[in-house]
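Heads up, entry31.cif below (mmCIF, C-alpha atoms and all ligand atoms):
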```cif
data_coords
loop_
_atom_site.label_atom_id
_atom_site.label_comp_id
_atom_site.auth_asym_id
_atom_site.auth_seq_id
_atom_site.Cartn_x
_atom_site.Cartn_y
_atom_site.Cartn_z
CA MET V 13 35.52 -10.58 -15.00
CA SER V 14 38.78 -12.55 -15.24
CA ARG V 15 41.96 -10.56 -15.65
CA LEU V 16 42.71 -12.89 -18.56
CA ALA V 17 39.89 -11.36 -20.61
CA ASP V 18 41.29 -10.24 -23.99
CA LYS V 19 44.84 -11.13 -22.98
CA GLN V 20 46.96 -12.66 -25.76
CA ILE V 21 48.70 -15.79 -24.56
CA CYS V 22 51.27 -17.74 -26.48
CA LEU V 23 51.25 -21.28 -25.07
CA VAL V 24 54.43 -23.24 -25.71
CA VAL V 25 53.99 -27.01 -25.36
CA THR V 26 57.19 -29.02 -24.92
CA GLY V 27 57.75 -32.77 -24.97
CA GLY V 28 56.52 -34.61 -21.89
CA ILE V 29 53.64 -36.83 -20.95
CA ALA V 30 51.95 -33.90 -19.18
CA ALA V 31 51.39 -32.42 -22.66
CA TYR V 32 48.11 -34.37 -22.66
CA LYS V 33 46.76 -31.79 -20.15
CA ALA V 34 47.71 -28.83 -22.35
CA PRO V 35 44.57 -28.90 -24.58
CA ASP V 36 42.46 -28.60 -21.42
CA LEU V 37 44.65 -25.66 -20.33
CA VAL V 38 43.92 -23.96 -23.68
CA ARG V 39 40.21 -24.58 -23.11
CA GLN V 40 40.34 -23.04 -19.61
CA LEU V 41 42.36 -20.02 -20.75
CA LYS V 42 39.84 -19.41 -23.52
CA ALA V 43 36.93 -19.83 -21.11
CA ALA V 44 38.51 -17.02 -19.03
CA GLY V 45 38.43 -14.80 -22.13
CA ALA V 46 42.06 -15.09 -23.31
CA ARG V 47 43.13 -15.44 -26.92
CA VAL V 48 45.55 -18.33 -27.28
CA GLN V 49 48.08 -19.31 -29.94
CA VAL V 50 49.97 -22.56 -29.51
CA VAL V 51 53.63 -23.26 -30.34
CA MET V 52 54.80 -26.89 -30.19
CA THR V 53 58.32 -28.25 -29.99
CA ALA V 54 59.24 -31.24 -32.15
CA ALA V 55 59.13 -33.52 -29.07
CA ALA V 56 55.67 -32.27 -28.04
CA GLN V 57 54.26 -33.62 -31.30
CA SER V 58 55.12 -37.16 -30.18
CA PHE V 59 52.60 -36.74 -27.36
CA VAL V 60 49.73 -34.65 -28.78
CA GLN V 61 48.65 -33.91 -32.34
CA ALA V 62 48.90 -30.32 -33.58
CA LEU V 63 45.34 -30.74 -34.87
CA THR V 64 44.07 -31.10 -31.29
CA PHE V 65 45.51 -27.68 -30.35
CA GLN V 66 44.23 -26.16 -33.57
CA ALA V 67 40.73 -27.36 -32.72
CA VAL V 68 40.72 -26.09 -29.11
CA SER V 69 42.49 -22.78 -29.79
CA GLY V 70 40.71 -22.06 -33.06
CA GLN V 71 44.09 -20.91 -34.46
CA PRO V 72 46.77 -22.52 -36.61
CA VAL V 73 49.51 -24.15 -34.53
CA HIS V 74 53.08 -22.85 -34.90
CA ILE V 75 55.85 -25.42 -35.16
CA ASP V 76 58.62 -24.41 -37.55
CA LEU V 77 61.10 -21.60 -37.03
CA LEU V 78 62.04 -21.77 -40.69
CA ASP V 79 58.53 -22.11 -42.15
CA PRO V 80 58.85 -20.03 -45.37
CA THR V 81 55.15 -19.02 -45.40
CA ALA V 82 55.19 -17.62 -41.85
CA GLU V 83 58.74 -16.29 -41.98
CA ALA V 84 58.12 -14.17 -45.07
CA ALA V 85 56.65 -11.76 -42.51
CA MET V 86 59.13 -12.59 -39.71
CA GLY V 87 56.47 -14.80 -38.07
CA HIS V 88 58.45 -15.57 -34.92
CA ILE V 89 59.02 -11.89 -34.13
CA GLU V 90 55.39 -11.09 -34.86
CA LEU V 91 54.29 -13.83 -32.49
CA ALA V 92 56.77 -12.64 -29.83
CA ARG V 93 55.33 -9.13 -30.08
CA TRP V 94 51.73 -10.36 -30.14
CA ALA V 95 52.03 -12.17 -26.79
CA ASP V 96 51.02 -10.45 -23.53
CA LEU V 97 52.29 -13.60 -21.82
CA VAL V 98 54.44 -16.52 -22.94
CA LEU V 99 53.32 -19.59 -21.01
CA VAL V 100 55.25 -22.85 -21.26
CA ALA V 101 53.26 -25.89 -20.11
CA PRO V 102 54.60 -28.46 -19.73
CA ALA V 103 58.15 -27.08 -19.49
CA SER V 104 60.58 -30.00 -19.76
CA ALA V 105 64.01 -30.06 -18.08
CA ASP V 106 65.63 -29.72 -21.50
CA PHE V 107 63.51 -26.69 -22.38
CA MET V 108 64.31 -24.98 -19.07
CA ALA V 109 68.01 -25.58 -19.71
CA ARG V 110 67.81 -24.18 -23.22
CA VAL V 111 65.92 -21.06 -22.14
CA ALA V 112 68.26 -20.53 -19.16
CA HIS V 113 71.21 -20.46 -21.55
CA GLY V 114 69.57 -18.29 -24.19
CA LEU V 115 69.46 -20.92 -26.96
CA ALA V 116 67.25 -20.13 -29.93
CA ASP V 117 67.46 -23.22 -32.09
CA ASP V 118 63.72 -23.75 -32.61
CA LEU V 119 60.58 -21.63 -32.69
CA ALA V 120 59.70 -22.21 -29.00
CA THR V 121 63.07 -21.12 -27.55
CA THR V 122 63.39 -18.27 -30.07
CA LEU V 123 60.00 -16.99 -28.96
CA CYS V 124 61.08 -16.98 -25.29
CA LEU V 125 64.21 -15.02 -26.18
CA ALA V 126 62.50 -12.60 -28.56
CA SER V 127 59.48 -11.70 -26.45
CA ALA V 128 59.45 -8.90 -23.88
CA ALA V 129 56.28 -10.38 -22.33
CA PRO V 130 56.39 -12.07 -18.92
CA LEU V 131 57.41 -15.73 -19.09
CA LEU V 132 55.58 -18.31 -16.96
CA LEU V 133 56.84 -21.89 -16.83
CA ALA V 134 54.92 -24.92 -15.53
CA PRO V 135 57.70 -27.50 -15.17
CA ALA V 136 56.99 -31.22 -15.60
CA MET V 137 59.59 -33.94 -15.42
CA ASN V 138 60.76 -37.03 -13.55
CA GLN V 139 61.37 -36.28 -9.87
CA GLN V 140 65.09 -37.06 -10.09
CA MET V 141 65.48 -34.75 -13.08
CA TRP V 142 63.70 -32.02 -11.09
CA ARG V 143 65.98 -32.59 -8.10
CA SER V 144 69.20 -32.67 -10.18
CA ALA V 145 71.77 -29.97 -9.51
CA ALA V 146 71.66 -28.87 -13.17
CA THR V 147 67.89 -28.28 -13.15
CA ALA V 148 68.09 -26.53 -9.77
CA ALA V 149 70.78 -24.19 -11.11
CA ASN V 150 68.73 -23.45 -14.25
CA LEU V 151 65.67 -22.76 -12.09
CA GLU V 152 67.65 -20.33 -9.93
CA LEU V 153 69.06 -18.55 -12.97
CA LEU V 154 65.62 -18.20 -14.56
CA ALA V 155 63.96 -17.07 -11.31
CA ALA V 156 66.70 -14.47 -10.76
CA ARG V 157 65.89 -13.08 -14.22
CA GLY V 158 62.24 -12.64 -13.27
CA VAL V 159 60.83 -15.77 -14.94
CA HIS V 160 57.69 -16.96 -13.12
CA PHE V 161 56.94 -20.54 -12.13
CA CYS V 162 53.81 -22.52 -11.36
CA GLY V 163 54.54 -25.87 -9.72
CA PRO V 164 55.57 -28.57 -10.14
CA ASP V 165 53.23 -30.57 -7.90
CA SER V 166 54.32 -33.68 -6.03
CA GLY V 167 52.80 -37.12 -6.40
CA ALA V 168 52.71 -40.27 -8.54
CA GLN V 169 54.51 -39.90 -11.86
CA ALA V 170 53.95 -41.58 -15.23
CA CYS V 171 57.32 -43.36 -14.89
CA GLY V 172 56.22 -44.99 -11.61
CA ASP V 173 58.24 -42.68 -9.33
CA VAL V 174 56.65 -40.60 -6.61
CA GLY V 175 57.89 -37.06 -5.91
CA PRO V 176 58.02 -33.49 -7.24
CA GLY V 177 57.72 -33.04 -10.99
CA ARG V 178 54.05 -33.39 -11.89
CA MET V 179 52.76 -30.48 -13.93
CA SER V 180 50.34 -28.29 -11.96
CA GLU V 181 46.69 -28.73 -12.84
CA PRO V 182 45.39 -26.46 -15.65
CA ALA V 183 43.19 -24.52 -13.18
CA ALA V 184 46.24 -23.66 -11.03
CA ILE V 185 48.22 -22.61 -14.14
CA CYS V 186 45.30 -20.39 -15.25
CA ALA V 187 45.22 -18.80 -11.78
CA ALA V 188 48.99 -18.21 -11.90
CA ALA V 189 48.67 -16.62 -15.36
CA GLU V 190 45.84 -14.42 -14.13
CA GLY V 191 47.94 -13.38 -11.13
CA LEU V 192 50.59 -11.96 -13.47
CA PHE V 193 48.26 -9.35 -14.86
CA GLY V 194 48.12 -6.40 -12.51
CA SER V 195 45.00 -4.53 -11.56
CA ASN V 196 44.38 -1.00 -10.39
CA GLU V 197 42.84 -2.08 -7.11
CA LEU V 198 45.26 0.01 -5.03
CA LEU V 199 45.93 2.77 -7.55
CA GLY V 200 47.02 6.00 -5.87
CA LEU V 201 47.30 4.45 -2.41
CA GLN V 202 50.41 4.50 -0.21
CA VAL V 203 51.15 1.09 1.31
CA LEU V 204 53.69 0.53 4.10
CA ILE V 205 54.94 -3.05 4.59
CA THR V 206 57.34 -4.64 7.08
CA ALA V 207 59.18 -7.80 6.03
CA GLY V 208 61.83 -10.28 7.12
CA PRO V 209 63.27 -11.03 10.53
CA THR V 210 64.89 -8.61 12.97
CA GLN V 211 68.27 -9.05 14.68
CA GLU V 212 68.73 -8.23 18.36
CA ALA V 213 72.39 -7.73 19.20
CA ILE V 214 73.94 -9.61 22.12
CA ASP V 215 77.39 -8.16 21.47
CA PRO V 216 79.09 -6.74 18.35
CA VAL V 217 79.29 -10.18 16.67
CA ARG V 218 76.26 -12.13 17.99
CA PHE V 219 72.54 -11.62 17.73
CA ILE V 220 69.14 -13.26 18.28
CA THR V 221 67.03 -13.73 15.15
CA ASN V 222 64.49 -16.15 13.62
CA ARG V 223 63.87 -18.23 10.48
CA SER V 224 61.93 -15.61 8.51
CA SER V 225 63.33 -15.26 4.97
CA GLY V 226 61.43 -12.14 3.93
CA LYS V 227 59.89 -14.02 0.96
CA MET V 228 56.26 -13.49 2.01
CA GLY V 229 56.70 -9.79 2.78
CA PHE V 230 58.57 -9.16 -0.47
CA ALA V 231 55.84 -11.02 -2.39
CA VAL V 232 53.19 -8.85 -0.69
CA ALA V 233 55.17 -5.74 -1.65
CA ALA V 234 55.41 -6.93 -5.28
CA ALA V 235 51.66 -7.67 -5.35
CA ALA V 236 50.81 -4.24 -3.91
CA LEU V 237 52.99 -2.61 -6.59
CA ALA V 238 51.27 -4.67 -9.29
CA ALA V 239 47.93 -3.45 -7.94
CA GLY V 240 49.02 0.15 -8.55
CA ALA V 241 50.11 1.18 -5.02
CA ARG V 242 53.19 3.18 -4.04
CA VAL V 243 55.04 0.89 -1.67
CA THR V 244 57.45 1.58 1.18
CA LEU V 245 59.13 -1.58 2.43
CA VAL V 246 60.77 -1.59 5.85
CA ALA V 247 62.93 -4.69 5.62
CA GLY V 248 64.87 -6.59 8.26
CA PRO V 249 68.05 -8.43 7.17
CA SER V 250 67.26 -10.77 4.26
CA THR V 251 69.41 -12.44 1.64
CA MET V 252 66.76 -11.81 -1.00
CA ALA V 253 66.55 -8.80 -3.30
CA PRO V 254 63.47 -6.64 -2.61
CA PRO V 255 61.09 -6.13 -5.53
CA ARG V 256 62.05 -3.34 -7.90
CA GLY V 257 59.92 -0.23 -7.62
CA CYS V 258 59.59 -0.10 -3.80
CA ASP V 259 61.07 2.53 -1.56
CA VAL V 260 63.22 0.29 0.66
CA ILE V 261 64.33 1.15 4.20
CA ASN V 262 66.75 -1.40 5.61
CA VAL V 263 66.72 -1.95 9.37
CA ARG V 264 68.20 -4.49 11.77
CA SER V 265 66.56 -4.43 15.19
CA ALA V 266 62.92 -4.36 16.28
CA ALA V 267 63.52 -0.87 17.74
CA GLU V 268 64.85 0.41 14.38
CA MET V 269 61.88 -1.16 12.58
CA HIS V 270 59.50 0.44 15.08
CA ASP V 271 60.94 3.92 14.51
CA ALA V 272 61.08 3.52 10.71
CA VAL V 273 57.42 2.46 10.65
CA LEU V 274 55.98 4.90 13.19
CA SER V 275 57.61 7.89 11.49
CA ARG V 276 55.80 6.94 8.25
CA SER V 277 52.53 5.26 9.23
CA ALA V 278 50.50 8.49 9.47
CA ASN V 279 51.16 9.15 5.78
CA CYS V 280 50.06 5.78 4.49
CA ASP V 281 46.66 4.34 3.62
CA ILE V 282 47.40 0.69 4.36
CA PHE V 283 49.92 -0.90 6.73
CA ILE V 284 50.77 -4.61 6.38
CA GLY V 285 52.99 -6.11 9.08
CA THR V 286 54.46 -9.28 7.58
CA ALA V 287 57.77 -9.03 9.49
CA ALA V 288 58.68 -11.63 12.09
CA VAL V 289 59.64 -9.04 14.69
CA ALA V 290 61.61 -10.28 17.70
CA ASP V 291 59.39 -10.42 20.78
CA TYR V 292 62.33 -9.83 23.12
CA THR V 293 65.51 -7.84 22.91
CA VAL V 294 68.72 -7.84 24.94
CA VAL V 295 68.65 -5.40 27.87
CA GLU V 296 72.20 -4.19 27.49
CA PRO V 297 74.12 -5.55 24.52
CA ALA V 298 77.83 -5.84 25.40
CA SER V 299 80.00 -3.23 23.70
CA ALA V 300 82.86 -5.74 23.22
CA LYS V 301 82.76 -9.42 22.22
CA ILE V 302 81.76 -11.56 25.23
CA LYS V 303 84.63 -13.91 26.05
CA LYS V 304 84.05 -17.64 26.51
CA SER V 305 84.34 -19.02 30.04
CA GLY V 306 83.51 -22.37 31.61
CA ALA V 307 80.63 -20.90 33.63
CA ALA V 308 76.94 -20.92 32.68
CA MET V 309 75.65 -17.58 31.49
CA SER V 310 72.30 -15.92 31.03
CA ILE V 311 71.14 -13.01 28.90
CA ASN V 312 68.59 -10.54 30.23
CA LEU V 313 65.75 -9.95 27.77
CA VAL V 314 62.93 -7.40 27.75
CA PRO V 315 59.86 -7.34 25.46
CA THR V 316 60.12 -5.24 22.29
CA LYS V 317 57.47 -2.66 21.41
CA ASP V 318 54.64 -4.13 19.33
CA ILE V 319 54.86 -2.21 16.04
CA LEU V 320 51.54 -3.44 14.69
CA ALA V 321 49.62 -2.56 17.86
CA ALA V 322 51.30 0.87 17.94
CA VAL V 323 50.30 1.62 14.32
CA SER V 324 46.77 0.45 14.98
CA ALA V 325 46.49 2.65 18.10
CA SER V 326 47.97 5.73 16.43
CA PRO V 327 45.69 8.74 15.88
CA GLU V 328 46.01 8.84 12.08
CA ARG V 329 45.56 5.16 11.73
CA PRO V 330 45.93 3.41 8.34
CA PHE V 331 43.94 0.29 7.39
CA THR V 332 46.00 -2.16 9.45
CA VAL V 333 46.74 -5.77 8.52
CA GLY V 334 48.73 -8.20 10.68
CA PHE V 335 50.16 -11.67 10.21
CA ALA V 336 49.94 -14.57 12.65
CA ALA V 337 52.26 -17.56 12.38
CA GLU V 338 51.02 -20.34 14.66
CA THR V 339 51.86 -23.97 15.26
CA GLU V 340 48.32 -24.88 16.48
CA ARG V 341 44.74 -23.53 16.97
CA LEU V 342 45.26 -21.19 14.01
CA GLU V 343 41.89 -19.42 13.86
CA ASP V 344 41.55 -19.05 17.66
CA TYR V 345 44.94 -17.46 18.14
CA ALA V 346 44.67 -15.32 15.00
CA ARG V 347 41.26 -13.94 16.03
CA THR V 348 42.58 -13.18 19.53
CA LYS V 349 45.40 -11.16 17.93
CA LEU V 350 42.96 -9.44 15.56
CA GLN V 351 41.04 -8.21 18.58
CA SER V 352 43.83 -7.47 21.04
CA LYS V 353 45.81 -5.45 18.49
CA GLN V 354 42.62 -3.87 17.08
CA LEU V 355 43.43 -4.85 13.48
CA ASP V 356 41.24 -4.53 10.40
CA MET V 357 42.43 -7.89 9.15
CA ILE V 358 44.84 -10.70 9.95
CA ALA V 359 46.47 -13.26 7.62
CA ALA V 360 47.26 -16.49 9.43
CA ASN V 361 49.42 -19.47 8.57
CA LEU V 362 50.46 -22.66 10.29
CA VAL V 363 54.23 -22.89 10.73
CA GLY V 364 56.47 -25.74 11.76
CA MET V 365 55.33 -28.06 8.95
CA PRO V 366 57.54 -28.99 5.97
CA GLY V 367 56.76 -27.31 2.64
CA SER V 368 55.03 -24.22 4.01
CA GLY V 369 55.75 -21.13 6.12
CA PHE V 370 59.22 -19.80 6.98
CA GLU V 371 61.95 -20.20 4.32
CA SER V 372 59.63 -22.13 1.98
CA ASP V 373 58.48 -20.89 -1.47
CA ASP V 374 54.94 -21.99 -0.64
CA ASN V 375 52.55 -21.01 2.10
CA GLU V 376 48.97 -21.66 3.19
CA LEU V 377 46.98 -18.62 4.31
CA SER V 378 43.63 -17.92 5.93
CA VAL V 379 42.41 -14.35 6.32
CA TYR V 380 40.15 -13.18 9.14
CA TRP V 381 38.34 -9.96 9.98
CA ALA V 382 35.85 -9.15 12.72
CA ASP V 383 32.75 -10.61 11.10
CA GLY V 384 34.18 -12.88 8.44
CA GLY V 385 37.14 -14.51 6.80
CA ARG V 386 38.39 -16.37 3.77
CA GLU V 387 40.59 -19.40 3.10
CA LEU V 388 43.17 -18.54 0.46
CA GLY V 389 44.50 -22.11 0.43
CA LYS V 390 48.00 -23.39 -0.33
CA ALA V 391 50.00 -21.87 -3.20
CA SER V 392 53.26 -20.11 -3.99
CA LYS V 393 53.93 -17.06 -1.84
CA SER V 394 53.68 -14.79 -4.89
CA LEU V 395 50.24 -16.13 -5.83
CA LEU V 396 49.00 -15.96 -2.23
CA ALA V 397 50.28 -12.39 -1.99
CA ARG V 398 48.19 -11.42 -5.04
CA TRP V 399 45.08 -13.00 -3.52
CA LEU V 400 45.77 -11.35 -0.18
CA ILE V 401 46.09 -7.94 -1.84
CA GLU V 402 42.77 -8.57 -3.62
CA VAL V 403 41.04 -9.22 -0.28
CA ILE V 404 42.75 -6.21 1.34
CA ALA V 405 41.65 -3.97 -1.55
CA GLU V 406 38.10 -5.31 -1.33
CA ARG V 407 37.91 -4.69 2.45
CA TYR V 408 39.70 -1.32 2.20
CA HIS V 409 37.24 -0.07 -0.38
CA GLY V 410 34.40 -1.39 1.76
CA GLN V 411 33.17 -3.89 -0.75
CA ALA V 412 33.25 -6.88 1.56
CA ILE V 413 31.24 -9.91 0.49
O1 LIG P 501 51.90 -11.18 18.60
P1 LIG P 501 52.60 -11.76 17.41
O2 LIG P 501 54.07 -11.46 17.38
O3 LIG P 501 52.32 -13.21 17.17
O4 LIG P 501 51.92 -11.00 16.18
C1 LIG P 501 52.39 -11.12 14.87
C2 LIG P 501 52.08 -9.83 14.11
O5 LIG P 501 52.49 -8.71 14.89
C3 LIG P 501 52.84 -9.73 12.80
O6 LIG P 501 52.05 -8.99 11.90
C4 LIG P 501 54.10 -8.96 13.22
O7 LIG P 501 54.65 -8.25 12.12
C5 LIG P 501 53.55 -8.01 14.26
N1 LIG P 501 54.50 -7.63 15.32
C6 LIG P 501 54.97 -6.34 15.40
N2 LIG P 501 55.82 -5.94 16.39
C7 LIG P 501 56.23 -6.83 17.32
C8 LIG P 501 55.77 -8.16 17.28
C9 LIG P 501 54.92 -8.54 16.26
O8 LIG P 501 54.61 -5.53 14.53
N3 LIG P 501 57.06 -6.42 18.27
#
```
This entry written out as structure tokens:
Amino acid sequence: MSRLADKQICLVVTGGIAAYKAPDLVRQLKAAGARVQVVMTAAAQSFVQALTFQAVSGQPVHIDLLDPTAEAAMGHIELARWADLVLVAPASADFMARVAHGLADDLATTLCLASAAPLLLAPAMNQQMWRSAATAANLELLAARGVHFCGPDSGAQACGDVGPGRMSEPAAICAAAEGLFGSNELLGLQVLITAGPTQEAIDPVRFITNRSSGKMGFAVAAAALAAGARVTLVAGPSTMAPPRGCDVINVRSAAEMHDAVLSRSANCDIFIGTAAVADYTVVEPASAKIKKSGAAMSINLVPTKDILAAVSASPERPFTVGFAAETERLEDYARTKLQSKQLDMIAANLVGMPGSGFESDDNELSVYWADGGRELGKASKSLLARWLIEVIAERYHGQAI
């Protein structure tokens, strides 16, 4: 059964050519069991008739903030309270700007401000508008406040341009909406997760690190929380804020991460190693800053301890999941790691390509276990994390397909 079953979704349609896909979105949300009420901005009505949405949703369409019949009963507040999710698709640049700045000068923006429900935006606009500094700043502001995004996709645009700004397809928006509703798949379980890079000191001011941002690990932690788990996050240095609700242990080096994990792994049910742990560390970091000289220099490195392999080999072993970032022969290398580290499961992604992997908001994951696997495809890290947690829960509970 879809997690959208019986969910109450308020779909806000703003003015953009992608509005023509919104009736199909309503149809797909309803097919998943959701109840949908549509709010249109004035501009949206230039693209699609309100009657179309009334027909597909089976509900009157809301347009006016100051409609005396609806407002006799404070209609906008009622609608804001009714919604389990406010979904804006398409979300125009103007609408994003107005929501980012808390404007409430029509029913659609008022609803976003007045509702405590999660807010999911599917942006759609010309590629240059999407790339503009103003839109980027609004996006950052909204994301920092916990607003969720689906898309935009890249490709040919109605205006003839090619680039980012196409609204995501209705099926992807439905999947993103579904991903926002938590489940109880990991209820009562203790999940330990590593995330981010590590830093190996060379001297007091220099270190060796890598391009990991921590985004994937933090998304996995958020997804595990949403699935009902208690989450301990052992995080290497990251500029991002960890999800609220985790028990966070900040570490720097691979050795610190190793100790923080191994002292806790016996008390957890599931361990997920998403961190990009340094493979080598400096033999003897200098105690004072190394001074520059004209001569060549070398740094002596030794391998770090493999945290994942150590957890997997420990006597009170949790269900152990690793990550493999590869630049080629993804399945081969991932399966070799699955076996050599004796893991229950491994999530693998190709790195070194633009738009996916380290630092990116998107990723493409495949999951493997001894006698099977699943392609999770390409999506935002938060959506992939939800799907990954679903597969982990399924395998953990022994309900493998
Ligand atoms: O062997 P490789 O480093 O490619 O394996 C990646 C997986 O192993 C990731 O899950 C990573 O978190 C984990 N790992 C670890 N400790 C290390 C090196 C990698 O836990 N020292």
Contacts of Arg223 (chain V) within 12 Å, only C-alpha atoms, excl. fewer than 4 positions in-chain, as a list in words:
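Using only C-alpha atoms, the neighbours found are Gly208, Pro209, Thr210, Gln211, Lys227, Gly248, Pro249, Ser250, Thr251, Ala287, Ala288, Val289, Ala290, Ala337, Val363, Gly364, Gly369, Phe370, Glu371 and Ser372 of chain V.
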With 10 Å as the cut-off and all atoms listed in the file counted, what is the closest atom pair between each nearby residue of chain V and ligand LIG 501 (chain P)? Distances in Å to one decimal, ordered by chain and number, as JSON lines.
```
{"residue": "V:Ile205", "atom": "CA", "partner": "P:LIG501", "partner_atom": "O7", "distance": 9.2}
{"residue": "V:Thr206", "atom": "CA", "partner": "P:LIG501", "partner_atom": "O7", "distance": 6.8}
{"residue": "V:Ala207", "atom": "CA", "partner": "P:LIG501", "partner_atom": "O7", "distance": 7.6}
{"residue": "V:Gly208", "atom": "CA", "partner": "P:LIG501", "partner_atom": "O7", "distance": 9.0}
{"residue": "V:Pro209", "atom": "CA", "partner": "P:LIG501", "partner_atom": "O7", "distance": 9.2}
{"residue": "V:Thr210", "atom": "CA", "partner": "P:LIG501", "partner_atom": "N3", "distance": 9.7}
{"residue": "V:Gly229", "atom": "CA", "partner": "P:LIG501", "partner_atom": "O7", "distance": 9.7}
{"residue": "V:Ala266", "atom": "CA", "partner": "P:LIG501", "partner_atom": "N3", "distance": 6.5}
{"residue": "V:Ala267", "atom": "CA", "partner": "P:LIG501", "partner_atom": "N3", "distance": 8.5}
{"residue": "V:Met269", "atom": "CA", "partner": "P:LIG501", "partner_atom": "N2", "distance": 8.6}
{"residue": "V:His270", "atom": "CA", "partner": "P:LIG501", "partner_atom": "N2", "distance": 7.5}
{"residue": "V:Val273", "atom": "CA", "partner": "P:LIG501", "partner_atom": "O8", "distance": 9.3}
{"residue": "V:Phe283", "atom": "CA", "partner": "P:LIG501", "partner_atom": "O6", "distance": 9.8}
{"residue": "V:Ile284", "atom": "CA", "partner": "P:LIG501", "partner_atom": "O6", "distance": 7.2}
{"residue": "V:Gly285", "atom": "CA", "partner": "P:LIG501", "partner_atom": "O7", "distance": 4.1}
{"residue": "V:Thr286", "atom": "CA", "partner": "P:LIG501", "partner_atom": "O7", "distance": 4.7}
{"residue": "V:Ala287", "atom": "CA", "partner": "P:LIG501", "partner_atom": "O7", "distance": 4.2}
{"residue": "V:Ala288", "atom": "CA", "partner": "P:LIG501", "partner_atom": "O7", "distance": 5.3}
{"residue": "V:Val289", "atom": "CA", "partner": "P:LIG501", "partner_atom": "C8", "distance": 4.7}
{"residue": "V:Ala290", "atom": "CA", "partner": "P:LIG501", "partner_atom": "N3", "distance": 6.0}
{"residue": "V:Asp291", "atom": "CA", "partner": "P:LIG501", "partner_atom": "N3", "distance": 5.3}
{"residue": "V:Tyr292", "atom": "CA", "partner": "P:LIG501", "partner_atom": "N3", "distance": 7.9}
{"residue": "V:Thr293", "atom": "CA", "partner": "P:LIG501", "partner_atom": "N3", "distance": 9.7}
{"residue": "V:Pro315", "atom": "CA", "partner": "P:LIG501", "partner_atom": "N3", "distance": 7.8}
{"residue": "V:Thr316", "atom": "CA", "partner": "P:LIG501", "partner_atom": "N3", "distance": 5.2}
{"residue": "V:Lys317", "atom": "CA", "partner": "P:LIG501", "partner_atom": "N3", "distance": 4.9}
{"residue": "V:Asp318", "atom": "CA", "partner": "P:LIG501", "partner_atom": "N3", "distance": 3.5}
{"residue": "V:Ile319", "atom": "CA", "partner": "P:LIG501", "partner_atom": "O8", "distance": 3.7}
{"residue": "V:Leu320", "atom": "CA", "partner": "P:LIG501", "partner_atom": "O8", "distance": 3.7}
{"residue": "V:Ala321", "atom": "CA", "partner": "P:LIG501", "partner_atom": "O8", "distance": 6.7}
{"residue": "V:Ala322", "atom": "CA", "partner": "P:LIG501", "partner_atom": "O8", "distance": 8.0}
{"residue": "V:Val323", "atom": "CA", "partner": "P:LIG501", "partner_atom": "O8", "distance": 8.4}
{"residue": "V:Ser324", "atom": "CA", "partner": "P:LIG501", "partner_atom": "O8", "distance": 9.9}
{"residue": "V:Thr332", "atom": "CA", "partner": "P:LIG501", "partner_atom": "O6", "distance": 9.4}
{"residue": "V:Val333", "atom": "CA", "partner": "P:LIG501", "partner_atom": "O6", "distance": 7.1}
{"residue": "V:Gly334", "atom": "CA", "partner": "P:LIG501", "partner_atom": "O6", "distance": 3.6}
{"residue": "V:Phe335", "atom": "CA", "partner": "P:LIG501", "partner_atom": "O6", "distance": 3.7}
{"residue": "V:Ala336", "atom": "CA", "partner": "P:LIG501", "partner_atom": "C1", "distance": 4.8}
{"residue": "V:Ala337", "atom": "CA", "partner": "P:LIG501", "partner_atom": "O3", "distance": 6.5}
{"residue": "V:Glu338", "atom": "CA", "partner": "P:LIG501", "partner_atom": "O3", "distance": 7.7}
{"residue": "V:Tyr345", "atom": "CA", "partner": "P:LIG501", "partner_atom": "O3", "distance": 8.6}
{"residue": "V:Ala346", "atom": "CA", "partner": "P:LIG501", "partner_atom": "O3", "distance": 8.2}
{"residue": "V:Thr348", "atom": "CA", "partner": "P:LIG501", "partner_atom": "O1", "distance": 9.6}
{"residue": "V:Lys349", "atom": "CA", "partner": "P:LIG501", "partner_atom": "O1", "distance": 6.5}
{"residue": "V:Leu350", "atom": "CA", "partner": "P:LIG501", "partner_atom": "O4", "distance": 9.1}
{"residue": "V:Ser352", "atom": "CA", "partner": "P:LIG501", "partner_atom": "O1", "distance": 9.2}
{"residue": "V:Lys353", "atom": "CA", "partner": "P:LIG501", "partner_atom": "O5", "distance": 8.3}
{"residue": "V:Leu355", "atom": "CA", "partner": "P:LIG501", "partner_atom": "O6", "distance": 9.7}
{"residue": "V:Ile358", "atom": "CA", "partner": "P:LIG501", "partner_atom": "O6", "distance": 7.7}
{"residue": "V:Ala359", "atom": "CA", "partner": "P:LIG501", "partner_atom": "O6", "distance": 8.2}
{"residue": "V:Ala360", "atom": "CA", "partner": "P:LIG501", "partner_atom": "C1", "distance": 9.2}
```
Would you mind reading off the distance between CA of Ala325 (chain V) and CA of Gly240 (chain V), one decimal, in Å?
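Going from CA of Ala325 (chain V) over to CA of Gly240 (chain V), I get 26.9 Å.
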What is the CA of Cys124 (chain V)-CA of Val111 (chain V) distance in Å, reported with one decimal?
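CA of Cys124 (chain V) sits 7.1 Å away from CA of Val111 (chain V).
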Residue nearest Leu204 (chain V) - candidates V:Gly45, V:Pro330, V:Gly167, V:Gly389, atoms counted: only C-alpha atoms:
V:Pro330
Top pick for closest residue to Arg47 (chain V), considering V:Gln61, V:Asn262, V:Ser299, V:Ser69 and counting all atoms listed in the file:
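Answer, going by the shortest atom-to-atom distance: V:Ser69.
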